[in-house]
Amino acid sequence: MSSYLEHPHLLPQTVEKRLFQLDLAATALKASSLIVVPTGLGKTVIALIVLLARLDKGRVLFLAPTKPLVEQHAVFLQRVLKDKDIVSMMTGEMLPEKRIGSWEKSRIVVSTPQVIENDLLSRRIDLKDVSLVIFDEAHRAVGGYAYVYIADRYHREAKSPLVLGITASPGSQSEKIAEICTNLGIEKIQTRTENDPDVASFVHEREIEWVKLTVPEELLLIRSAIEELLKTRIDDLNRLGVSPVRIDAKSPKKELLGLQASLMSSAKTQANKSTFAAISLMAEMLKLHHAVELAETQGPDALARYFQRLQGEALSRSGSKASRRIMQDPRFRQVVDALQELEVEHPKPAAVKRILQEQIAANPQSLIMVFTNYRDTATSLLAFLKDDPAIRAVRFVGQSSRKNDEGLSQKKQAEILQKFRAGYYNVLIATSVGEEGIDIPATDLVLFYEPVPSEIRSIQRKGRTGRARAGRVIVLMAKGTRDEAYYWISDRKEKSMNRQMRDLSGQDQESRRMLLLPRQQQITEEPVAGTAEKGESLAAWQDIGQNEGQRDAQDVVNGEKQKEAEELGRMPGKIFVDSRERGMAKLLESMGFEVTVKNLEVGDYVVSDRVAVERKTAADFVSSIIDPQRNLFRQIADLARTYDRPVLILEGRDLYTTQMNAGSIRGALASVAVDYGVPIIPTDDQDETARIIALLAGRESKEGREPKLHGHKTARTLKEQQEYLISAIPSVGHAVAKNLLKHFGSIEKIMTAPPEELQEVPLVGPKIAERIRELVGGEYKG
């Protein structure tokens, strides 16, 4: 017989009591914790227990990475709590003014992190009275993700901060786990696996099987032909001698992307022809590498769709030069022709249909998820399965759209999931958007169209089944392809992750500190109380949040920042930062400034009533010279007209590495300095830019000058507005727009002109004419 949680805020008999959840929550109340438990074992319930225990101490902030997850958590809380009105949901669709009201009146706020980050930077809210922050899918708390900034602000502002991170899969690398813990201020790691005695009774059997398939020889020949094209470019790259490592056709994509990033970084500091030639080759290599993977793991249909996109990019004026060079290669044209003549299919679609038919025949009420890495495959599979009335399949992809590939709005995603739960659809063909956090508790079969080399994604995919009842996981593998490698990589990483979590969970904080030391060089922490013993959990459920843990580490960090502020010759002051400069806003705030993010009419940073700064990277500077929509000289004129001491910061040393004539660049620099009287300060990178802005703000603050916003952008003339409107048409740039307007005299005449007349205009060919007519006469599909 089930027993239920009891609490003054909780509706009776709504949440089943599980001792392992109470035990984990009890320890989480003693110190900021990362809790790692498999999907389907009630991470949200653990969060609920901690939330209820902290609610009387202050507001609770519950963060989730996507709007559907936010809605899911908010609905759950409103369903189980007596007072639904204490819960509010905040997303980017809500106006800022309404968010302020919602924040002030609510005791529990469920939100996406981007919304909270924006409102913190804009000083609409603060975290002083927040007693608990819950980070769902805590493995995202790395790099520049919003979780990192929010956690930092929380530990700096809150009176008695407590963090709860929850995830099914933090990753297999100790460095990443350490980074997550450091970024969130985690003091304890707790974990459970499906094999733990107190968990096993809640785990349903999940059968995992893999099906090996043989790829037809004809398709492997096409793969080999693409690999030869790839090898040619790899040889060219290695001959240039600029690559720090030698690569080959079997090098993984991650290694290629790392090399590309390294070359891009080198180009900024020591640019030469060889470096740029290498960057161009890397762009081609990545596209060909992707084509090889599609050929061997996805099949001819997905490969053909990809080739069509490459051709579209090659023909577009603004398209990829790498695509253009690939399409111009006669050997590639031979591959395209061979693919069109191919009469064999990849074995995976037929295997999917057979497996689905068998599952539905055995259990007509089955709900099945098919995961694939690629949208093209999802589209092809949907078409392949539609002739079987027993298979009621639907495609489930992300929001972004591209030509001939429409994304799904969040509203549409929610509708599809609801119909899937209700059985209207019985097969959900999903890309990665279906892996994380969606609430589908009763899936009978999860089918991997291909293995994934990520342990996080693999765990999340497998977690879609075996939650409410027994389930199956089937992985398709094309023999002799990277499918096999990806499967074993994922398997090894998953085992490594479990081992890492076990080791970390068993350590005291001092031992774990040694793992964090490389990332927190001089930080020391006091150990916190040990893990709760069995039987303490119910007491902790009643005894709210004792022994909160120490924050010496944060004090050291803040001390370093204060020292840096003193070195810059100022005490922290105020700076207005444009909303498009959020990364810099966070950096300046970490240096001690009171930053307010706003939509600035003029400039990127305002540090006083007389000093405003326009920041441009070298590439941005060159681009704004030639781009009429951005117009460097209008921006500089507005800056000089509005503020007495305008400054242009030019960031990066790659100013003369673009295709623009060096004389034109020097002329623009001279005009900024002489014609407009705006001094130019060069910097190497973002960090140096931040120090310069800090120095300017410090000088102004010492003189008692406060930042003050004034001025407006110069309005576009009618001529500029007309050029802007026409140049926004796909494939129509500024030059073509001017030609069209000169020829026809008005936008109205351009829009009503037949294709033949449009083609009389210089630079306008059949494709551009067709695009214009398609835009004007095409039916709107809402």
# chains A, B, ... in the order shown; residues from 1 in each chain; ligands from 1

$ residues_around --residues "A:Ala769" --least-positions-apart "2" --cutoff "6 Å" --atoms "only C-alpha atoms" --output "list in words"
Pro755, Leu758, Pro766, Lys767, Arg771 and Ile772 of chain A

$ atom_distance --atom1 "atom CA of A:Phe396" --atom2 "atom CA of A:Arg223"
28.5 Å

$ residues_around --residues "A:Phe62" --least-positions-apart "4" --cutoff "10 Å" --atoms "only C-alpha atoms" --output "MDAnalysis selection string"
chainID A and resid 47:48 51 70 73:74 89 108:113 132:136 164

$ residues_around --residues "A:His346" --least-positions-apart "2" --cutoff "7 Å" --atoms "only C-alpha atoms" --output "count of residues only"
7

$ closest_residue --among "A:Leu127, A:Glu345, A:Leu281, A:Ile177" --to "A:Asp235" --atoms "only C-alpha atoms"
A:Leu281

$ residues_around --residues "A:Glu614" --least-positions-apart "5" --cutoff "10 Å" --atoms "only C-alpha atoms" --output "MDAnalysis selection string"
chainID A and resid 602:606 635:636 639 646:650 678 680

$ write_last_selection --atoms "N, CA, C and O atoms" --output "mmCIF file, in the first residue's frame"
data_model
loop_
_atom_site.group_PDB
_atom_site.id
_atom_site.type_symbol
_atom_site.label_atom_id
_atom_site.label_comp_id
_atom_site.auth_asym_id
_atom_site.auth_seq_id
_atom_site.Cartn_x
_atom_site.Cartn_y
_atom_site.Cartn_z
ATOM 1 N N VAL A 602 22.216 55.114 -28.431
ATOM 2 C CA VAL A 602 23.530 55.522 -28.937
ATOM 3 C C VAL A 602 24.618 54.869 -28.099
ATOM 4 O O VAL A 602 24.595 54.933 -26.873
ATOM 5 N N GLY A 603 25.604 54.239 -28.770
ATOM 6 C CA GLY A 603 26.727 53.629 -28.080
ATOM 7 C C GLY A 603 26.407 52.253 -27.519
ATOM 8 O O GLY A 603 25.245 51.824 -27.481
ATOM 9 N N ASP A 604 27.465 51.576 -27.089
ATOM 10 C CA ASP A 604 27.323 50.256 -26.461
ATOM 11 C C ASP A 604 27.464 50.320 -24.944
ATOM 12 O O ASP A 604 26.913 49.480 -24.243
ATOM 13 N N TYR A 605 28.216 51.334 -24.460
ATOM 14 C CA TYR A 605 28.430 51.494 -23.024
ATOM 15 C C TYR A 605 28.400 52.978 -22.698
ATOM 16 O O TYR A 605 29.008 53.791 -23.393
ATOM 17 N N VAL A 606 27.723 53.328 -21.622
ATOM 18 C CA VAL A 606 27.711 54.708 -21.132
ATOM 19 C C VAL A 606 28.287 54.679 -19.726
ATOM 20 O O VAL A 606 27.730 54.037 -18.831
ATOM 21 N N GLN A 635 26.660 55.639 -36.963
ATOM 22 C CA GLN A 635 26.839 55.306 -35.552
ATOM 23 C C GLN A 635 27.845 56.246 -34.887
ATOM 24 O O GLN A 635 27.622 56.734 -33.767
ATOM 25 N N ILE A 636 28.962 56.493 -35.558
ATOM 26 C CA ILE A 636 29.995 57.367 -34.998
ATOM 27 C C ILE A 636 29.489 58.808 -34.913
ATOM 28 O O ILE A 636 29.747 59.517 -33.926
ATOM 29 N N LEU A 639 27.266 59.130 -31.954
ATOM 30 C CA LEU A 639 28.063 59.084 -30.729
ATOM 31 C C LEU A 639 28.708 60.452 -30.467
ATOM 32 O O LEU A 639 28.665 60.965 -29.344
ATOM 33 N N PRO A 646 33.295 60.950 -26.683
ATOM 34 C CA PRO A 646 33.014 59.628 -27.279
ATOM 35 C C PRO A 646 34.306 58.841 -27.475
ATOM 36 O O PRO A 646 35.374 59.419 -27.671
ATOM 37 N N VAL A 647 34.201 57.511 -27.427
ATOM 38 C CA VAL A 647 35.366 56.638 -27.599
ATOM 39 C C VAL A 647 34.953 55.451 -28.465
ATOM 40 O O VAL A 647 33.875 54.883 -28.276
ATOM 41 N N LEU A 648 35.823 55.085 -29.402
ATOM 42 C CA LEU A 648 35.644 53.852 -30.166
ATOM 43 C C LEU A 648 36.714 52.858 -29.722
ATOM 44 O O LEU A 648 37.907 53.157 -29.804
ATOM 45 N N ILE A 649 36.293 51.696 -29.243
ATOM 46 C CA ILE A 649 37.237 50.621 -28.918
ATOM 47 C C ILE A 649 37.236 49.637 -30.080
ATOM 48 O O ILE A 649 36.196 49.105 -30.460
ATOM 49 N N LEU A 650 38.417 49.412 -30.643
ATOM 50 C CA LEU A 650 38.581 48.504 -31.777
ATOM 51 C C LEU A 650 39.282 47.246 -31.266
ATOM 52 O O LEU A 650 40.461 47.263 -30.927
ATOM 53 N N VAL A 678 36.591 61.275 -32.891
ATOM 54 C CA VAL A 678 36.395 60.186 -31.934
ATOM 55 C C VAL A 678 37.700 59.410 -31.778
ATOM 56 O O VAL A 678 38.173 58.810 -32.756
ATOM 57 N N ILE A 680 40.301 56.454 -31.019
ATOM 58 C CA ILE A 680 40.210 55.004 -31.199
ATOM 59 C C ILE A 680 41.210 54.332 -30.259
ATOM 60 O O ILE A 680 42.403 54.625 -30.289
#

$ residues_around --residues "A:Tyr374" --least-positions-apart "5" --cutoff "12 Å" --atoms "only C-alpha atoms" --output "VMD selection string"
chain A and resid 290 293 to 294 297 to 299 301 to 303 305 to 306 379 to 381 395 to 398 405 429 to 433 448 to 450 452

$ closest_residue --among "A:Thr372, A:Thr275, A:Gln413, A:Thr377" --to "A:Asn238" --atoms "only C-alpha atoms"
A:Thr275

$ residues_around --residues "A:Ile665" --least-positions-apart "2" --cutoff "12 Å" --atoms "only C-alpha atoms" --output "PDB file with N, CA and C atoms, in the first residue's frame"
ATOM      1  N   ALA A 618      37.323  43.784 -34.908  1.00  0.00           N
ATOM      2  CA  ALA A 618      37.909  44.150 -36.199  1.00  0.00           C
ATOM      3  C   ALA A 618      36.990  43.746 -37.350  1.00  0.00           C
ATOM      4  N   ALA A 619      36.443  42.520 -37.286  1.00  0.00           N
ATOM      5  CA  ALA A 619      35.549  42.058 -38.352  1.00  0.00           C
ATOM      6  C   ALA A 619      34.277  42.889 -38.397  1.00  0.00           C
ATOM      7  N   ASP A 620      33.772  43.272 -37.221  1.00  0.00           N
ATOM      8  CA  ASP A 620      32.558  44.082 -37.135  1.00  0.00           C
ATOM      9  C   ASP A 620      32.802  45.476 -37.723  1.00  0.00           C
ATOM     10  N   PHE A 621      33.982  46.020 -37.459  1.00  0.00           N
ATOM     11  CA  PHE A 621      34.328  47.341 -37.990  1.00  0.00           C
ATOM     12  C   PHE A 621      34.307  47.335 -39.517  1.00  0.00           C
ATOM     13  N   VAL A 622      34.962  46.337 -40.101  1.00  0.00           N
ATOM     14  CA  VAL A 622      35.009  46.244 -41.561  1.00  0.00           C
ATOM     15  C   VAL A 622      33.613  46.032 -42.126  1.00  0.00           C
ATOM     16  N   SER A 623      32.851  45.156 -41.497  1.00  0.00           N
ATOM     17  CA  SER A 623      31.509  44.867 -41.978  1.00  0.00           C
ATOM     18  C   SER A 623      30.625  46.110 -41.954  1.00  0.00           C
ATOM     19  N   SER A 624      30.746  46.924 -40.900  1.00  0.00           N
ATOM     20  CA  SER A 624      29.879  48.101 -40.778  1.00  0.00           C
ATOM     21  C   SER A 624      30.278  49.221 -41.734  1.00  0.00           C
ATOM     22  N   ILE A 625      31.465  49.112 -42.308  1.00  0.00           N
ATOM     23  CA  ILE A 625      31.851  50.091 -43.343  1.00  0.00           C
ATOM     24  C   ILE A 625      31.022  49.875 -44.603  1.00  0.00           C
ATOM     25  N   ILE A 626      30.816  48.605 -44.961  1.00  0.00           N
ATOM     26  CA  ILE A 626      30.172  48.291 -46.234  1.00  0.00           C
ATOM     27  C   ILE A 626      28.689  47.951 -46.095  1.00  0.00           C
ATOM     28  N   LEU A 632      28.620  52.399 -40.215  1.00  0.00           N
ATOM     29  CA  LEU A 632      29.598  52.829 -39.230  1.00  0.00           C
ATOM     30  C   LEU A 632      29.556  54.332 -38.996  1.00  0.00           C
ATOM     31  N   ASP A 654      43.075  41.510 -36.149  1.00  0.00           N
ATOM     32  CA  ASP A 654      42.898  40.947 -37.489  1.00  0.00           C
ATOM     33  C   ASP A 654      42.179  41.917 -38.426  1.00  0.00           C
ATOM     34  N   LEU A 655      42.458  43.208 -38.256  1.00  0.00           N
ATOM     35  CA  LEU A 655      41.756  44.228 -39.031  1.00  0.00           C
ATOM     36  C   LEU A 655      42.037  44.127 -40.528  1.00  0.00           C
ATOM     37  N   TYR A 656      43.264  43.758 -40.894  1.00  0.00           N
ATOM     38  CA  TYR A 656      43.638  43.748 -42.309  1.00  0.00           C
ATOM     39  C   TYR A 656      43.665  42.338 -42.890  1.00  0.00           C
ATOM     40  N   THR A 657      42.956  41.430 -42.271  1.00  0.00           N
ATOM     41  CA  THR A 657      42.945  40.052 -42.758  1.00  0.00           C
ATOM     42  C   THR A 657      41.694  39.740 -43.578  1.00  0.00           C
ATOM     43  N   THR A 658      40.850  40.740 -43.787  1.00  0.00           N
ATOM     44  CA  THR A 658      39.649  40.529 -44.591  1.00  0.00           C
ATOM     45  C   THR A 658      39.955  40.836 -46.052  1.00  0.00           C
ATOM     46  N   GLN A 659      38.953  40.650 -46.886  1.00  0.00           N
ATOM     47  CA  GLN A 659      39.139  40.906 -48.314  1.00  0.00           C
ATOM     48  C   GLN A 659      39.034  42.387 -48.661  1.00  0.00           C
ATOM     49  N   MET A 660      38.642  43.215 -47.715  1.00  0.00           N
ATOM     50  CA  MET A 660      38.543  44.648 -47.995  1.00  0.00           C
ATOM     51  C   MET A 660      39.931  45.252 -48.195  1.00  0.00           C
ATOM     52  N   ASN A 661      40.017  46.179 -49.110  1.00  0.00           N
ATOM     53  CA  ASN A 661      41.265  46.875 -49.390  1.00  0.00           C
ATOM     54  C   ASN A 661      41.783  47.582 -48.140  1.00  0.00           C
ATOM     55  N   ALA A 662      43.081  47.391 -47.843  1.00  0.00           N
ATOM     56  CA  ALA A 662      43.670  47.979 -46.639  1.00  0.00           C
ATOM     57  C   ALA A 662      43.567  49.499 -46.654  1.00  0.00           C
ATOM     58  N   GLY A 663      43.670  50.108 -47.834  1.00  0.00           N
ATOM     59  CA  GLY A 663      43.552  51.557 -47.931  1.00  0.00           C
ATOM     60  C   GLY A 663      42.181  52.052 -47.505  1.00  0.00           C
ATOM     61  N   GLY A 667      41.386  54.532 -44.459  1.00  0.00           N
ATOM     62  CA  GLY A 667      40.588  55.732 -44.698  1.00  0.00           C
ATOM     63  C   GLY A 667      39.442  55.867 -43.707  1.00  0.00           C
ATOM     64  N   ALA A 668      38.787  54.731 -43.396  1.00  0.00           N
ATOM     65  CA  ALA A 668      37.690  54.756 -42.425  1.00  0.00           C
ATOM     66  C   ALA A 668      38.202  55.127 -41.037  1.00  0.00           C
ATOM     67  N   LEU A 669      39.366  54.558 -40.660  1.00  0.00           N
ATOM     68  CA  LEU A 669      39.948  54.892 -39.364  1.00  0.00           C
ATOM     69  C   LEU A 669      40.278  56.385 -39.278  1.00  0.00           C
ATOM     70  N   ALA A 670      40.861  56.918 -40.347  1.00  0.00           N
ATOM     71  CA  ALA A 670      41.206  58.344 -40.369  1.00  0.00           C
ATOM     72  C   ALA A 670      39.953  59.209 -40.257  1.00  0.00           C
ATOM     73  N   SER A 671      38.889  58.800 -40.938  1.00  0.00           N
ATOM     74  CA  SER A 671      37.648  59.577 -40.898  1.00  0.00           C
ATOM     75  C   SER A 671      37.055  59.594 -39.488  1.00  0.00           C
ATOM     76  N   VAL A 672      37.058  58.434 -38.822  1.00  0.00           N
ATOM     77  CA  VAL A 672      36.529  58.361 -37.449  1.00  0.00           C
ATOM     78  C   VAL A 672      37.295  59.306 -36.535  1.00  0.00           C
TER      79      VAL A 672
END

$ closest_residue --among "A:Gly58, A:Gly42, A:Gly144, A:Gly778" --to "A:Lys586" --atoms "only C-alpha atoms"
A:Gly144

$ closest_residue --among "A:Leu447, A:Val335, A:Met282, A:Leu61" --to "A:Ala151" --atoms "only C-alpha atoms"
A:Leu61

$ closest_residue --among "A:Lys738, A:Lys84, A:Ala225, A:Pro682" --to "A:Gln334" --atoms "only C-alpha atoms"
A:Ala225

$ select_by_dssp --residues "stretch 62-306 of chain A" --states "strand (DSSP E)" --output "PyMOL selection string"
chain A and resi 62-63+87-90+108-111+130-136+163-167+188-191+206-213

$ closest_residue --among "A:Arg140, A:Lys128, A:Arg107, A:Lys250" --to "A:His155" --atoms "only C-alpha atoms"
A:Lys128

$ decode --residues "stretch 730-749 of chain A" --atoms "N, CA and C atoms" --output "CSV table (one decimal), in the first residue's frame"
chain,number,residue,atom,x,y,z
A,730,PRO,N,15.5,37.8,-49.9
A,730,PRO,CA,16.5,36.8,-50.0
A,730,PRO,C,17.3,36.9,-51.3
A,731,SER,N,18.6,36.8,-51.3
A,731,SER,CA,19.5,36.9,-52.4
A,731,SER,C,19.6,38.3,-53.0
A,732,VAL,N,18.9,39.3,-52.4
A,732,VAL,CA,19.0,40.7,-52.9
A,732,VAL,C,19.9,41.5,-51.9
A,733,GLY,N,21.1,41.9,-52.3
A,733,GLY,CA,21.9,42.7,-51.5
A,733,GLY,C,21.7,44.1,-51.7
A,734,HIS,N,22.6,45.0,-51.1
A,734,HIS,CA,22.4,46.4,-51.2
A,734,HIS,C,22.6,46.9,-52.6
A,735,ALA,N,23.6,46.4,-53.3
A,735,ALA,CA,23.8,46.8,-54.7
A,735,ALA,C,22.6,46.5,-55.6
A,736,VAL,N,22.1,45.3,-55.5
A,736,VAL,CA,21.0,45.0,-56.3
A,736,VAL,C,19.7,45.8,-56.0
A,737,ALA,N,19.5,46.1,-54.7
A,737,ALA,CA,18.4,46.9,-54.3
A,737,ALA,C,18.5,48.3,-54.9
A,738,LYS,N,19.7,48.9,-54.9
A,738,LYS,CA,19.8,50.2,-55.5
A,738,LYS,C,19.6,50.2,-57.0
A,739,ASN,N,20.0,49.1,-57.6
A,739,ASN,CA,19.8,49.0,-59.1
A,739,ASN,C,18.3,48.9,-59.4
A,740,LEU,N,17.6,48.1,-58.6
A,740,LEU,CA,16.1,47.9,-58.8
A,740,LEU,C,15.4,49.2,-58.6
A,741,LEU,N,15.7,50.0,-57.5
A,741,LEU,CA,15.1,51.2,-57.2
A,741,LEU,C,15.4,52.3,-58.3
A,742,LYS,N,16.6,52.3,-58.8
A,742,LYS,CA,16.9,53.3,-59.8
A,742,LYS,C,16.2,53.0,-61.1
A,743,HIS,N,16.0,51.7,-61.4
A,743,HIS,CA,15.3,51.2,-62.6
A,743,HIS,C,13.8,51.5,-62.6
A,744,PHE,N,13.2,51.1,-61.5
A,744,PHE,CA,11.7,51.2,-61.4
A,744,PHE,C,11.2,52.4,-60.7
A,745,GLY,N,12.0,53.0,-59.9
A,745,GLY,CA,11.6,54.3,-59.3
A,745,GLY,C,10.9,54.2,-58.0
A,746,SER,N,10.3,53.1,-57.7
A,746,SER,CA,9.5,52.9,-56.4
A,746,SER,C,9.4,51.4,-56.0
A,747,ILE,N,9.2,51.2,-54.8
A,747,ILE,CA,9.0,49.8,-54.3
A,747,ILE,C,7.8,49.2,-54.9
A,748,GLU,N,6.7,50.0,-55.0
A,748,GLU,CA,5.5,49.4,-55.6
A,748,GLU,C,5.7,48.9,-57.0
A,749,LYS,N,6.4,49.6,-57.8
A,749,LYS,CA,6.7,49.1,-59.2
A,749,LYS,C,7.6,47.9,-59.2
